[in-house]
Each structure stands twice: as C-alpha cells, then as structure tokens.
$ cat model-v9.txt   # compact mmCIF, C-alpha atoms
# COMPACT_ATOMS: atom_id res chain seq x y z
CA MET A 1 0.00 0.00 0.00
CA ILE A 2 2.75 2.48 0.91
CA ARG A 3 4.49 1.81 -2.41
CA ARG A 4 1.33 2.72 -4.37
CA THR A 5 0.77 5.79 -2.21
CA LEU A 6 4.33 7.08 -2.70
CA THR A 7 4.29 6.50 -6.44
CA ALA A 8 0.90 8.19 -6.83
CA ALA A 9 1.88 11.21 -4.70
CA VAL A 10 5.07 11.89 -6.66
CA ALA A 11 3.34 11.28 -10.00
CA VAL A 12 0.53 13.74 -9.24
CA VAL A 13 2.97 16.51 -8.35
CA GLY A 14 5.18 15.71 -11.33
CA LEU A 15 2.27 15.91 -13.77
CA ALA A 16 0.67 18.99 -12.23
CA ALA A 17 0.92 22.26 -14.09
CA ILE A 18 3.69 24.29 -12.52
CA ALA A 19 2.87 27.95 -12.03
CA PRO A 20 4.49 30.26 -14.63
CA LEU A 21 7.64 31.98 -13.44
CA SER A 22 7.17 35.57 -12.34
CA ALA A 23 10.55 37.24 -11.89
CA SER A 24 9.05 40.28 -10.19
CA ALA A 25 7.04 38.21 -7.72
CA ALA A 26 9.69 35.61 -6.97
CA ARG A 27 11.31 35.98 -3.58
CA PRO A 28 13.36 33.45 -1.63
CA GLY A 29 11.14 32.29 1.22
CA PRO A 30 11.70 30.54 4.54
CA VAL A 31 13.34 27.15 4.35
CA MET A 32 10.57 25.26 6.12
CA PRO A 33 7.11 26.55 7.09
CA PRO A 34 6.09 25.51 10.62
CA SER A 35 3.01 23.73 9.28
CA LEU A 36 4.94 21.47 6.90
CA LYS A 37 5.00 17.93 8.18
CA GLY A 38 5.75 14.60 6.59
CA PRO A 39 3.90 11.37 7.33
CA ALA A 40 3.91 9.89 10.80
CA VAL A 41 7.02 7.77 11.36
CA LYS A 42 6.87 4.52 13.27
CA ALA A 43 8.91 4.30 16.45
CA GLU A 44 10.78 1.29 15.10
CA ALA A 45 12.08 3.16 12.02
CA ALA A 46 15.48 1.71 11.11
CA GLY A 47 17.57 4.87 10.77
CA GLU A 48 17.41 7.66 8.24
CA CYS A 49 17.12 7.54 4.47
CA THR A 50 19.17 10.54 3.31
CA LEU A 51 18.50 12.36 0.06
CA SER A 52 21.31 14.30 -1.63
CA VAL A 53 20.46 16.65 -4.50
CA PRO A 54 22.01 19.72 -6.12
CA THR A 55 21.10 22.60 -3.81
CA ARG A 56 21.93 25.42 -6.22
CA VAL A 57 19.98 25.10 -9.46
CA ALA A 58 20.38 27.44 -12.44
CA ILE A 59 17.67 27.33 -15.11
CA GLY A 60 19.32 28.04 -18.44
CA LYS A 61 17.40 25.98 -21.00
CA PRO A 62 13.82 24.71 -21.54
CA GLU A 63 14.31 21.72 -19.27
CA ILE A 64 17.11 20.17 -17.27
CA THR A 65 17.13 16.79 -15.57
CA LEU A 66 18.98 16.48 -12.28
CA TYR A 67 19.41 13.34 -10.19
CA GLY A 68 19.10 12.75 -6.49
CA LYS A 69 21.02 10.11 -4.57
CA ARG A 70 19.95 8.28 -1.43
CA SER A 71 22.10 6.81 1.29
CA GLY A 72 21.52 4.74 4.40
CA GLY A 73 19.75 1.42 4.83
CA CYS A 74 17.24 2.46 2.16
CA ASN A 75 19.86 2.36 -0.59
CA VAL A 76 18.91 -1.15 -1.69
CA ALA A 77 17.29 -2.50 -4.85
CA ASP A 78 13.86 -3.27 -3.35
CA ASN A 79 13.36 0.05 -1.54
CA THR A 80 10.72 2.63 -2.47
CA SER A 81 11.33 6.20 -1.27
CA GLY A 82 9.74 9.50 -2.18
CA TRP A 83 10.31 13.20 -1.51
CA LEU A 84 8.18 16.20 -2.49
CA LEU A 85 9.50 19.70 -3.12
CA HIS A 86 7.62 22.33 -1.11
CA HIS A 87 7.56 25.96 -2.24
CA PRO A 88 6.72 28.43 0.57
CA SER A 89 3.86 30.08 -1.33
CA LEU A 90 2.89 27.56 -4.02
CA GLY A 91 2.91 24.34 -2.02
CA ASP A 92 4.29 21.09 -3.45
CA VAL A 93 5.73 21.74 -6.92
CA ASN A 94 7.85 18.70 -7.78
CA GLY A 95 8.80 15.22 -6.68
CA ILE A 96 11.59 12.64 -6.62
CA LEU A 97 10.87 8.92 -6.55
CA PHE A 98 13.11 5.91 -6.07
CA ASP A 99 11.22 2.77 -7.01
CA PRO A 100 12.36 -0.70 -8.18
CA VAL A 101 9.39 -1.07 -10.55
CA ASP A 102 8.50 2.37 -11.90
CA PRO A 103 10.78 3.23 -14.89
CA LEU A 104 10.68 6.89 -13.78
CA GLY A 105 11.64 5.99 -10.23
CA LYS A 106 15.38 6.50 -10.59
CA GLY A 107 15.70 9.71 -8.61
CA GLN A 108 15.11 12.07 -11.53
CA TRP A 109 14.33 15.71 -10.83
CA ALA A 110 12.89 17.29 -13.99
CA VAL A 111 13.22 21.08 -13.88
CA PRO A 112 11.37 22.93 -16.68
CA ASP A 113 12.19 26.59 -17.19
CA THR A 114 8.72 27.43 -15.82
CA HIS A 115 9.67 25.90 -12.46
CA PRO A 116 9.08 28.28 -9.53
CA ILE A 117 12.22 30.00 -8.32
CA GLY A 118 13.35 30.78 -4.80
CA THR A 119 14.21 28.68 -1.76
CA GLN A 120 12.24 25.45 -1.49
CA THR A 121 12.52 22.29 0.61
CA TRP A 122 12.47 18.58 -0.20
CA TYR A 123 10.65 16.60 2.48
CA GLY A 124 10.13 12.86 2.76
CA ILE A 125 6.76 11.18 2.23
CA GLY A 126 7.85 7.62 3.00
CA SER A 127 10.68 5.12 2.63
CA ILE A 128 10.25 1.34 2.89
CA ASN A 129 12.24 -1.73 1.93
CA GLY A 130 10.74 -4.84 0.40
CA ASP A 131 10.78 -6.59 3.78
CA GLY A 132 8.71 -3.80 5.35
CA THR A 133 11.57 -1.97 7.06
CA GLU A 134 10.77 1.74 7.19
CA PHE A 135 13.08 4.74 7.50
CA THR A 136 12.85 8.35 8.56
CA GLN A 137 13.83 10.87 5.90
CA ASN A 138 15.77 14.10 5.81
CA ASN A 139 14.70 17.55 4.59
CA VAL A 140 16.83 19.27 1.96
CA PRO A 141 16.59 23.02 1.23
CA VAL A 142 17.40 24.00 -2.36
CA THR A 143 17.37 27.29 -4.23
CA VAL A 144 16.24 27.56 -7.85
CA LYS A 145 17.15 30.65 -9.88
CA LEU A 146 17.63 31.73 -13.47
CA ALA A 147 21.02 31.29 -15.08
CA ALA A 148 23.03 34.41 -15.77
CA GLY A 149 25.66 34.99 -18.44
CA ALA A 150 28.81 37.11 -18.21
CA TRP A 151 31.16 38.05 -21.04
CA ILE A 152 34.39 40.02 -21.13
CA SER A 153 36.51 41.44 -23.93
CA SER A 154 39.70 43.47 -23.68
CA SER A 155 42.18 45.53 -25.61
CA ARG A 156 45.45 47.32 -24.92
CA THR A 157 46.98 50.47 -26.37
CA ALA A 158 50.47 51.00 -24.94
CA ASP A 159 49.92 50.91 -21.17
CA VAL A 160 46.14 51.56 -21.31
CA VAL A 161 43.98 48.48 -20.78
CA THR A 162 40.31 48.64 -21.77
CA LEU A 163 37.85 46.08 -20.45
CA LYS A 164 34.27 45.56 -21.59
CA GLY A 165 31.85 43.47 -19.51
CA THR A 166 28.48 42.19 -20.68
CA SER A 167 25.66 40.84 -18.52
CA LEU A 168 22.94 38.44 -19.70
CA LEU A 169 20.00 36.55 -18.22
CA TYR A 170 18.06 33.50 -19.40
CA SER A 171 14.55 34.28 -20.67
CA VAL A 172 11.81 31.70 -20.11
CA THR A 173 9.79 33.42 -22.85
CA THR A 174 12.31 33.11 -25.68
CA ASN A 175 14.38 30.22 -24.26
CA SER A 176 17.50 32.26 -24.87
CA TYR A 177 19.80 34.73 -23.12
CA PHE A 178 19.26 38.47 -23.39
CA LYS A 179 21.43 41.43 -22.41
CA ARG A 180 20.21 43.27 -19.34
CA SER A 181 21.33 45.82 -16.77
CA ALA A 182 22.96 44.18 -13.75
CA ALA A 183 25.48 44.80 -10.98
CA GLY A 184 28.97 43.48 -11.52
CA VAL A 185 32.68 43.79 -10.83
CA PHE A 186 35.90 43.70 -12.83
CA GLN A 187 38.50 41.45 -11.23
CA PHE A 188 42.17 40.79 -11.92
CA ARG A 189 44.65 38.04 -11.17
CA GLU A 190 48.40 38.51 -11.31
CA LYS A 191 50.25 36.09 -13.56
CA GLY A 192 51.20 32.98 -11.59
CA SER A 193 48.59 33.66 -8.89
CA THR A 194 45.33 31.85 -8.22
CA VAL A 195 43.75 34.71 -6.24
CA TRP A 196 41.22 37.03 -7.84
CA GLN A 197 41.15 40.62 -6.60
CA THR A 198 38.75 43.49 -7.22
CA LEU A 199 39.82 46.02 -9.82
CA LYS A 200 36.56 47.99 -9.83
CA GLY A 201 33.40 46.94 -8.02
CA GLY A 202 29.93 48.38 -7.63
CA LEU A 203 29.49 48.69 -11.38
CA TRP A 204 26.22 48.52 -13.30
CA THR A 205 25.91 47.55 -16.92
CA ASN A 206 23.77 49.87 -19.03
CA SER A 207 20.44 49.03 -20.67
CA LYS A 208 22.36 47.16 -23.36
CA GLY A 209 24.00 45.02 -20.67
CA GLU A 210 27.45 46.59 -21.16
CA VAL A 211 30.00 48.41 -19.02
CA THR A 212 33.50 49.61 -19.98
CA LEU A 213 36.56 50.41 -17.89
CA SER A 214 39.94 51.80 -19.00
CA TYR A 215 43.01 52.25 -16.82
CA ARG A 216 46.78 52.39 -17.04
CA TYR A 217 48.82 49.30 -16.19
CA SER A 218 51.91 48.16 -18.03
CA LYS A 219 52.22 44.56 -16.80
CA VAL A 220 50.22 41.62 -18.12
CA ARG A 221 47.32 40.42 -15.94
CA ASP A 222 44.33 38.11 -16.20
CA TYR A 223 40.90 39.75 -16.06
CA ARG A 224 37.31 38.64 -15.71
CA PHE A 225 33.88 40.24 -15.30
CA ALA A 226 31.70 38.84 -12.52
CA LEU A 227 28.02 39.30 -11.71
CA TYR A 228 26.50 39.37 -8.23
CA SER A 229 23.64 37.11 -7.13
CA THR A 230 20.13 38.59 -7.14
CA PRO A 231 16.80 37.18 -5.88
CA ILE A 232 16.20 35.67 -9.33
CA SER A 233 19.70 34.92 -10.69
CA TRP A 234 23.01 33.42 -9.58
CA ASP A 235 26.41 35.09 -9.36
CA LEU A 236 28.74 34.19 -12.20
CA GLY A 237 32.25 34.89 -13.45
CA SER A 238 33.10 35.27 -17.13
CA ALA A 239 35.84 33.52 -19.03
CA VAL A 240 39.33 34.96 -18.58
CA THR A 241 41.02 37.49 -20.83
CA THR A 242 44.73 38.38 -20.60
CA ARG A 243 46.19 41.81 -21.37

$ encode --input "model-v9.txt" --output "structure tokens"
Amino acid sequence: MIRRTLTAAVAVVGLAAIAPLSASAARPGPVMPPSLKGPAVKAEAAGECTLSVPTRVAIGKPEITLYGKRSGGCNVADNTSGWLLHHPSLGDVNGILFDPVDPLGKGQWAVPDTHPIGTQTWYGIGSINGDGTEFTQNNVPVTVKLAAGAWISSSRTADVVTLKGTSLLYSVTTNSYFKRSAAGVFQFREKGSTVWQTLKGGLWTNSKGEVTLSYRYSKVRDYRFALYSTPISWDLGSAVTTR
C-alpha cells in the first residue's frame, strides 16, 4: 500500500501544471514553514534515508534533468522512497521517486524553465524496503534561480587596458539569453597567482547590458567580469582574458 501511495503522490505533483515563473514576484522564502510535516514515522524506524540533490539550481534551457542520490539502509534494490519539493507560497511543486518497478523511479528531478524560483525544501513522504523496514527521511533546502551569463573582452593600447563586460539573463519566454542591466565587478589576477582581486566593483551595466573600464597598467594580468547574485539569478564569473 505504501508503495502505491508514494508513487501516486510523486506522480501527481510531477504531472501537475507548474505555475508560470514571475521574476518580479519571486522571492526566496523561509526554508521550512512551521506547518509542513511529513507522514507519521513509526517508532521502530530503522535509521534515516538521506537524500542528496544539487542545492543550487540554475535554469538556463527549456528543461534540465537532475538526479538525487539516497544513502543509508534504504539504498537497496527493493526500496521505495519519495520526496516532495515544497515551495513556501505555491505548495508542493515537484517530486523525486526511487522505485524498483517504476521506470521513472530513478531519482530524476525534472526542472522545466517554468519551475518556480526561490528557496524550497524537499521533504520525505515515506521510505520502505521490500521486507517492510521503514526509515525516517531528511529535509533538503534548495534554491532555484535563473542562469546568468557574463562576457568580457579586452584591448590594450600601450599601457592603457580597456575592459568591456556584458551581462545576460536567461529568458523563459524566448528560451535564450538576453542582455540586461545588472550589478557586476571587474577582477584581476596577477600572472602565476590563483587569487582574484577586485579592480573595480559596484558597477552597473547599461540598458544594453554593457560596461566599460579603461586604466593604465603596463604589466600583463588576467581579467574577468563577474556578476552578483540577485533574488532571481546566480552570481557568475566570465571567461578569462589576458592583457
């Protein structure tokens, strides 16, 4: 009975229409609402079934498939375990199932680009082995945001170095990246060093997503343009240019 219940619960959430993404309305919420509770756990539960999943998710294409892993006494072939993903304002929005029979029960986490963003929490809805042994389950907070893009180009004239940074963001409407205004920083790294330092921070790209900086420096350095995290997008560093 518990196997059918778990499979049905995850399937219903997985097939449900996920609310369209609203960048302006999206806000990271509390990790776990006080009212959120999993199923009652028997006193004789044989330890914890632990779910591990990527906790920082960047949506940058129409759909990505991530995979969860489980550990503990539940990590056996005849175990069925399920977790649901709870959004603080939208309720349960996704599910992960491990099941020896269901072909989709391999721990897949399908993330369409319409998936709600913000901080959400995986919580267990049951874990049982074929012999009836049950396990408690962990809660896993994750944060889903849009993927950002950062570019840099450079040039040198004598001892004047000119850097141009470009900021982009993934659009769920066009399924592509577009240039947008964003906060960023130019960083440098001395040749032979692994440490990045700030050359000029607190910058904003213009409406075309671009910002330019020129300064005098005769030695060769590595440079990159980095973006800060926002409520809807992740921080990101560009590729490296050397001048």

$ residues_around --input "model-v9.txt" --residues "Leu51 of chain A" --least-positions-apart "5" --cutoff "8 Å" --atoms "only C-alpha atoms" --output "list in words"
Gly68, Lys69, Arg70, Ser71, Gln137, Asn138, Asn139 and Val140 of chain A

$ atom_distance --input "model-v9.txt" --atom1 "atom CA of Gly130 of chain A" --atom2 "atom CA of Ile96 of chain A"
18.9 Å

$ closest_residue --input "model-v9.txt" --among "A:Ala239, A:Ile232, A:Leu203, A:Ala110" --to "Leu66 of chain A" --atoms "all atoms listed in the file"
A:Ala110

$ atom_distance --input "model-v9.txt" --atom1 "atom CA of Ser81 of chain A" --atom2 "atom CA of Thr143 of chain A"
22.1 Å

$ residues_near_point --input "model-v9.txt" --point "(21.7, 29.3, -14.4)" --cutoff "12 Å" --atoms "all atoms listed in the file" --output "ChimeraX atom specification"
/A:56-64,111,113,117,143-150,168-172,176-177,229-230,232-237

$ closest_residue --input "model-v9.txt" --among "A:Ser238, A:Thr121, A:Ser89, A:Ser127" --to "Thr166 of chain A" --atoms "only C-alpha atoms"
A:Ser238

$ closest_residue --input "model-v9.txt" --among "A:Ser207, A:Thr162, A:Thr80, A:Gln197" --to "Phe178 of chain A" --atoms "only C-alpha atoms"
A:Ser207

$ decode --input "model-v9.txt" --residues "segment 178-193 of chain A" --atoms "all heavy atoms" --output "short mmCIF file (atom, residue, chain, number, x, y, z; two decimals), in the first residue's frame"
data_model
loop_
_atom_site.label_atom_id
_atom_site.label_comp_id
_atom_site.auth_asym_id
_atom_site.auth_seq_id
_atom_site.Cartn_x
_atom_site.Cartn_y
_atom_site.Cartn_z
N PHE A 178 19.37 37.10 -22.91
CA PHE A 178 19.26 38.47 -23.39
C PHE A 178 20.14 39.37 -22.53
O PHE A 178 20.37 39.10 -21.36
CB PHE A 178 17.80 38.95 -23.36
CG PHE A 178 17.22 39.10 -21.97
CD1 PHE A 178 17.19 40.33 -21.34
CD2 PHE A 178 16.71 38.00 -21.30
CE1 PHE A 178 16.65 40.48 -20.06
CE2 PHE A 178 16.18 38.12 -20.02
CZ PHE A 178 16.15 39.36 -19.41
N LYS A 179 20.61 40.46 -23.13
CA LYS A 179 21.43 41.43 -22.41
C LYS A 179 20.54 42.27 -21.51
O LYS A 179 19.47 42.70 -21.91
CB LYS A 179 22.20 42.31 -23.39
CG LYS A 179 23.21 41.55 -24.23
CD LYS A 179 23.92 42.47 -25.21
CE LYS A 179 24.92 41.70 -26.06
NZ LYS A 179 25.63 42.59 -27.03
N ARG A 180 21.02 42.50 -20.30
CA ARG A 180 20.21 43.27 -19.34
C ARG A 180 21.12 44.03 -18.38
O ARG A 180 22.30 43.68 -18.19
CB ARG A 180 19.29 42.33 -18.55
CG ARG A 180 20.00 41.15 -17.89
CD ARG A 180 20.32 41.36 -16.45
NE ARG A 180 21.12 40.26 -15.89
CZ ARG A 180 20.95 39.80 -14.67
NH1 ARG A 180 20.03 40.31 -13.90
NH2 ARG A 180 21.75 38.85 -14.21
N SER A 181 20.58 45.05 -17.75
CA SER A 181 21.33 45.82 -16.77
C SER A 181 21.49 45.00 -15.50
O SER A 181 20.53 44.38 -15.03
CB SER A 181 20.59 47.12 -16.46
OG SER A 181 21.28 47.87 -15.48
N ALA A 182 22.70 44.97 -14.96
CA ALA A 182 22.96 44.18 -13.75
C ALA A 182 24.20 44.71 -13.05
O ALA A 182 25.04 45.40 -13.65
CB ALA A 182 23.14 42.71 -14.09
N ALA A 183 24.31 44.39 -11.76
CA ALA A 183 25.48 44.80 -10.98
C ALA A 183 26.62 43.81 -11.17
O ALA A 183 26.41 42.60 -11.21
CB ALA A 183 25.11 44.87 -9.50
N GLY A 184 27.83 44.35 -11.30
CA GLY A 184 28.97 43.48 -11.52
C GLY A 184 30.27 44.07 -11.03
O GLY A 184 30.30 45.17 -10.45
N VAL A 185 31.36 43.38 -11.29
CA VAL A 185 32.68 43.79 -10.83
C VAL A 185 33.74 43.29 -11.80
O VAL A 185 33.64 42.17 -12.32
CB VAL A 185 32.95 43.24 -9.41
CG1 VAL A 185 32.79 41.73 -9.36
CG2 VAL A 185 34.33 43.63 -8.91
N PHE A 186 34.72 44.14 -12.09
CA PHE A 186 35.90 43.70 -12.83
C PHE A 186 36.93 43.19 -11.83
O PHE A 186 37.20 43.84 -10.81
CB PHE A 186 36.50 44.84 -13.65
CG PHE A 186 35.75 45.14 -14.92
CD1 PHE A 186 35.09 46.34 -15.09
CD2 PHE A 186 35.72 44.20 -15.96
CE1 PHE A 186 34.41 46.62 -16.26
CE2 PHE A 186 35.03 44.47 -17.14
CZ PHE A 186 34.37 45.68 -17.29
N GLN A 187 37.51 42.04 -12.11
CA GLN A 187 38.50 41.45 -11.23
C GLN A 187 39.79 41.17 -12.02
O GLN A 187 39.76 41.01 -13.23
CB GLN A 187 37.97 40.14 -10.62
CG GLN A 187 36.74 40.33 -9.76
CD GLN A 187 36.18 39.02 -9.26
OE1 GLN A 187 36.14 38.03 -9.97
NE2 GLN A 187 35.75 39.00 -8.00
N PHE A 188 40.90 41.11 -11.28
CA PHE A 188 42.17 40.79 -11.92
C PHE A 188 42.90 39.72 -11.12
O PHE A 188 42.64 39.51 -9.93
CB PHE A 188 43.06 42.04 -12.04
CG PHE A 188 43.61 42.54 -10.73
CD1 PHE A 188 44.84 42.09 -10.24
CD2 PHE A 188 42.90 43.48 -9.98
CE1 PHE A 188 45.34 42.55 -9.03
CE2 PHE A 188 43.40 43.94 -8.77
CZ PHE A 188 44.63 43.46 -8.29
N ARG A 189 43.82 39.06 -11.80
CA ARG A 189 44.65 38.04 -11.17
C ARG A 189 46.05 38.18 -11.74
O ARG A 189 46.24 38.18 -12.95
CB ARG A 189 44.09 36.64 -11.49
CG ARG A 189 44.86 35.49 -10.89
CD ARG A 189 44.17 34.16 -11.21
NE ARG A 189 44.15 33.92 -12.67
CZ ARG A 189 43.48 32.91 -13.24
NH1 ARG A 189 42.76 32.09 -12.50
NH2 ARG A 189 43.52 32.74 -14.56
N GLU A 190 47.03 38.38 -10.85
CA GLU A 190 48.40 38.51 -11.31
C GLU A 190 48.87 37.20 -11.93
O GLU A 190 48.43 36.11 -11.54
CB GLU A 190 49.33 38.89 -10.14
CG GLU A 190 48.95 40.19 -9.42
CD GLU A 190 49.16 41.44 -10.28
OE1 GLU A 190 49.61 41.31 -11.44
OE2 GLU A 190 48.86 42.54 -9.79
N LYS A 191 49.74 37.29 -12.91
CA LYS A 191 50.25 36.09 -13.56
C LYS A 191 50.96 35.21 -12.54
O LYS A 191 51.76 35.67 -11.74
CB LYS A 191 51.21 36.45 -14.69
CG LYS A 191 50.59 37.29 -15.79
CD LYS A 191 49.35 36.62 -16.39
CE LYS A 191 49.72 35.37 -17.19
NZ LYS A 191 48.53 34.74 -17.82
N GLY A 192 50.63 33.92 -12.55
CA GLY A 192 51.20 32.98 -11.59
C GLY A 192 50.42 32.86 -10.31
O GLY A 192 50.70 32.00 -9.48
N SER A 193 49.40 33.70 -10.11
CA SER A 193 48.59 33.66 -8.89
C SER A 193 47.26 32.96 -9.16
O SER A 193 46.80 32.87 -10.31
CB SER A 193 48.31 35.08 -8.38
OG SER A 193 47.40 35.07 -7.30
#
